[in-house]
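Just below is one structure, and these are the notes that go with it.
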Amino acid sequence: YEHLVPKKNHLFKGLQELVEKMPDNLEDEIFNLLDKYYFVAAITKEENDTKLAGHLRDNMPKNWNKKDVKARYKDAGIKIIKTQLFEKE
């Protein structure tokens, strides 16, 4: 499986920034970040090895709007099919 938004360069970085700021509502901010970006998808080994090679393997597209969690896959030409596990648009 793959994280739609790469953990290392986006989720962990966002969590680190929140912890450094220590807002009064830290728990809510962490929940919101995970709710917004923590999604996974099943892709084939071939898609992973060829289409997500290079910059897109661990990063979102350079023009990412920070809203479209499927942007990396759209740029790579990988179609994500909605299932019961992926109901949030």
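Chain labels run A, B, ... following the order of the structure tokens; each chain numbers its residues from 1, and ligands are numbered from 1 in the order shown.
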
Please return, as a PyMOL selection string, all residues of chain A that DSSP assigns to helix (DSSP H, G or I) on the basis of the backbone. chain A and resi 7-21+26-37+45-51+54-57+71-76

Fewer than 6 positions away in the same chain doesn't count, so skip those; otherwise give me all residues within 12 Å of segment 63-65 of chain A, counting only C-alpha atoms, as a list in words. Val5, His10, Leu56, Ala71, Arg72, Tyr73, Lys74 and Asp75 of chain A

Output all heavy atoms for every residue in the selection just made, as a CSV table (one decimal), in the first residue's frame.
chain,number,residue,atom,x,y,z
A,5,VAL,N,-0.6,10.9,0.7
A,5,VAL,CA,0.3,12.0,1.0
A,5,VAL,C,1.5,11.4,1.8
A,5,VAL,O,1.3,10.8,2.8
A,5,VAL,CB,-0.4,13.1,1.9
A,5,VAL,CG1,0.5,14.2,2.3
A,5,VAL,CG2,-1.6,13.7,1.2
A,10,HIS,N,5.6,15.0,4.4
A,10,HIS,CA,4.5,15.9,4.6
A,10,HIS,C,3.8,15.7,5.9
A,10,HIS,O,3.7,16.7,6.7
A,10,HIS,CB,3.5,15.7,3.4
A,10,HIS,CG,4.1,16.1,2.1
A,10,HIS,ND1,4.3,17.4,1.7
A,10,HIS,CD2,4.6,15.3,1.1
A,10,HIS,CE1,4.8,17.4,0.5
A,10,HIS,NE2,5.1,16.2,0.1
A,56,LEU,N,8.1,11.9,-7.4
A,56,LEU,CA,6.8,11.6,-6.9
A,56,LEU,C,6.8,10.4,-5.9
A,56,LEU,O,5.8,10.2,-5.2
A,56,LEU,CB,5.8,11.3,-8.0
A,56,LEU,CG,5.4,12.5,-8.8
A,56,LEU,CD1,4.4,12.0,-10.0
A,56,LEU,CD2,4.7,13.6,-8.0
A,71,ALA,N,-3.4,14.1,-5.8
A,71,ALA,CA,-2.7,14.8,-6.8
A,71,ALA,C,-1.4,14.1,-7.3
A,71,ALA,O,-1.1,14.1,-8.4
A,71,ALA,CB,-2.2,16.2,-6.2
A,72,ARG,N,-0.7,13.4,-6.4
A,72,ARG,CA,0.5,12.7,-6.7
A,72,ARG,C,0.1,11.5,-7.7
A,72,ARG,O,0.9,11.3,-8.7
A,72,ARG,CB,1.1,12.1,-5.4
A,72,ARG,CG,2.4,11.4,-5.6
A,72,ARG,CD,3.1,11.2,-4.3
A,72,ARG,NE,2.5,10.3,-3.4
A,72,ARG,CZ,3.0,9.2,-2.9
A,72,ARG,NH1,4.3,8.9,-3.2
A,72,ARG,NH2,2.4,8.4,-2.1
A,73,TYR,N,-1.0,10.9,-7.5
A,73,TYR,CA,-1.4,9.8,-8.4
A,73,TYR,C,-1.9,10.3,-9.7
A,73,TYR,O,-1.7,9.7,-10.7
A,73,TYR,CB,-2.4,8.9,-7.6
A,73,TYR,CG,-1.7,8.3,-6.4
A,73,TYR,CD1,-1.7,8.9,-5.2
A,73,TYR,CD2,-1.1,7.1,-6.6
A,73,TYR,CE1,-1.0,8.4,-4.1
A,73,TYR,CE2,-0.4,6.5,-5.5
A,73,TYR,CZ,-0.4,7.2,-4.3
A,73,TYR,OH,0.2,6.6,-3.2
A,74,LYS,N,-2.6,11.4,-9.7
A,74,LYS,CA,-3.1,12.0,-10.9
A,74,LYS,C,-1.9,12.4,-11.8
A,74,LYS,O,-1.9,12.1,-13.0
A,74,LYS,CB,-3.9,13.2,-10.6
A,74,LYS,CG,-5.3,12.9,-10.0
A,74,LYS,CD,-6.1,14.2,-9.7
A,74,LYS,CE,-7.4,13.8,-9.0
A,74,LYS,NZ,-8.1,15.0,-8.6
A,75,ASP,N,-0.9,13.0,-11.2
A,75,ASP,CA,0.3,13.4,-11.9
A,75,ASP,C,1.1,12.2,-12.5
A,75,ASP,O,1.7,12.2,-13.6
A,75,ASP,CB,1.3,14.2,-11.1
A,75,ASP,CG,1.0,15.7,-11.0
A,75,ASP,OD1,-0.1,16.0,-11.4
A,75,ASP,OD2,1.9,16.4,-10.7

Using only C-alpha atoms, which protein or nucleic acid residues come within 12 Å of segment 44-53 of chain A? Drop anything in the same chain fewer than 4 positions from it, and give the result as a ChimeraX atom specification. /A:1-4,6,57-61,71-80

Same residues, N, CA and C atoms, output as an mmCIF file, in the first residue's frame:
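So out_18.cif came out as:
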data_model
loop_
_atom_site.group_PDB
_atom_site.id
_atom_site.type_symbol
_atom_site.label_atom_id
_atom_site.label_comp_id
_atom_site.auth_asym_id
_atom_site.auth_seq_id
_atom_site.Cartn_x
_atom_site.Cartn_y
_atom_site.Cartn_z
ATOM 1 N N TYR A 1 0.833 -1.179 0.000
ATOM 2 C CA TYR A 1 0.000 0.000 0.000
ATOM 3 C C TYR A 1 0.878 1.242 0.000
ATOM 4 N N GLU A 2 0.283 2.345 -0.342
ATOM 5 C CA GLU A 2 0.983 3.627 -0.399
ATOM 6 C C GLU A 2 0.169 4.666 0.359
ATOM 7 N N HIS A 3 0.836 5.577 0.991
ATOM 8 C CA HIS A 3 0.147 6.721 1.596
ATOM 9 C C HIS A 3 -0.102 7.742 0.498
ATOM 10 N N LEU A 4 -1.335 8.217 0.390
ATOM 11 C CA LEU A 4 -1.643 9.187 -0.652
ATOM 12 C C LEU A 4 -0.785 10.433 -0.499
ATOM 13 N N PRO A 6 2.647 11.441 1.179
ATOM 14 C CA PRO A 6 3.807 10.777 1.797
ATOM 15 C C PRO A 6 4.014 11.199 3.255
ATOM 16 N N ARG A 57 7.861 9.736 -5.764
ATOM 17 C CA ARG A 57 7.889 8.611 -4.827
ATOM 18 C C ARG A 57 7.682 9.085 -3.383
ATOM 19 N N ASP A 58 8.322 10.158 -3.000
ATOM 20 C CA ASP A 58 8.241 10.630 -1.612
ATOM 21 C C ASP A 58 7.704 12.046 -1.473
ATOM 22 N N ASN A 59 7.215 12.615 -2.556
ATOM 23 C CA ASN A 59 6.770 14.013 -2.512
ATOM 24 C C ASN A 59 5.473 14.208 -3.269
ATOM 25 N N MET A 60 4.774 15.234 -2.890
ATOM 26 C CA MET A 60 3.606 15.660 -3.646
ATOM 27 C C MET A 60 4.118 16.493 -4.825
ATOM 28 N N PRO A 61 3.278 16.674 -5.865
ATOM 29 C CA PRO A 61 3.707 17.505 -6.988
ATOM 30 C C PRO A 61 4.080 18.910 -6.533
ATOM 31 N N ALA A 71 -3.439 14.092 -5.771
ATOM 32 C CA ALA A 71 -2.659 14.828 -6.779
ATOM 33 C C ALA A 71 -1.433 14.058 -7.259
ATOM 34 N N ARG A 72 -0.745 13.388 -6.360
ATOM 35 C CA ARG A 72 0.464 12.650 -6.724
ATOM 36 C C ARG A 72 0.137 11.538 -7.712
ATOM 37 N N TYR A 73 -0.961 10.874 -7.485
ATOM 38 C CA TYR A 73 -1.365 9.777 -8.352
ATOM 39 C C TYR A 73 -1.906 10.287 -9.684
ATOM 40 N N LYS A 74 -2.603 11.401 -9.662
ATOM 41 C CA LYS A 74 -3.070 12.005 -10.907
ATOM 42 C C LYS A 74 -1.878 12.385 -11.779
ATOM 43 N N ASP A 75 -0.870 13.002 -11.189
ATOM 44 C CA ASP A 75 0.334 13.377 -11.942
ATOM 45 C C ASP A 75 1.050 12.150 -12.509
ATOM 46 N N ALA A 76 0.996 11.043 -11.785
ATOM 47 C CA ALA A 76 1.681 9.825 -12.210
ATOM 48 C C ALA A 76 0.835 8.989 -13.179
ATOM 49 N N GLY A 77 -0.424 9.393 -13.377
ATOM 50 C CA GLY A 77 -1.292 8.633 -14.272
ATOM 51 C C GLY A 77 -1.850 7.374 -13.647
ATOM 52 N N ILE A 78 -1.954 7.346 -12.322
ATOM 53 C CA ILE A 78 -2.508 6.200 -11.604
ATOM 54 C C ILE A 78 -3.913 6.571 -11.153
ATOM 55 N N LYS A 79 -4.886 5.767 -11.535
ATOM 56 C CA LYS A 79 -6.269 6.035 -11.152
ATOM 57 C C LYS A 79 -6.564 5.392 -9.805
ATOM 58 N N ILE A 80 -7.065 6.189 -8.889
ATOM 59 C CA ILE A 80 -7.464 5.696 -7.568
ATOM 60 C C ILE A 80 -8.962 5.433 -7.621
#

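Residues of chain A carrying a DSSP assignment of strand (DSSP E or B), computed from the backbone, are Glu2, His3, Val40 and Ala41 of chain A.
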
Taking only C-alpha atoms into account, name the residue in A:Lys8, A:Lys67, A:Lys82, A:Lys62 that is nearest to Tyr37 of chain A. A:Lys67

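Atom CA of Ala42 of chain A sits 23.8 Å away from atom CA of Gly14 of chain A.
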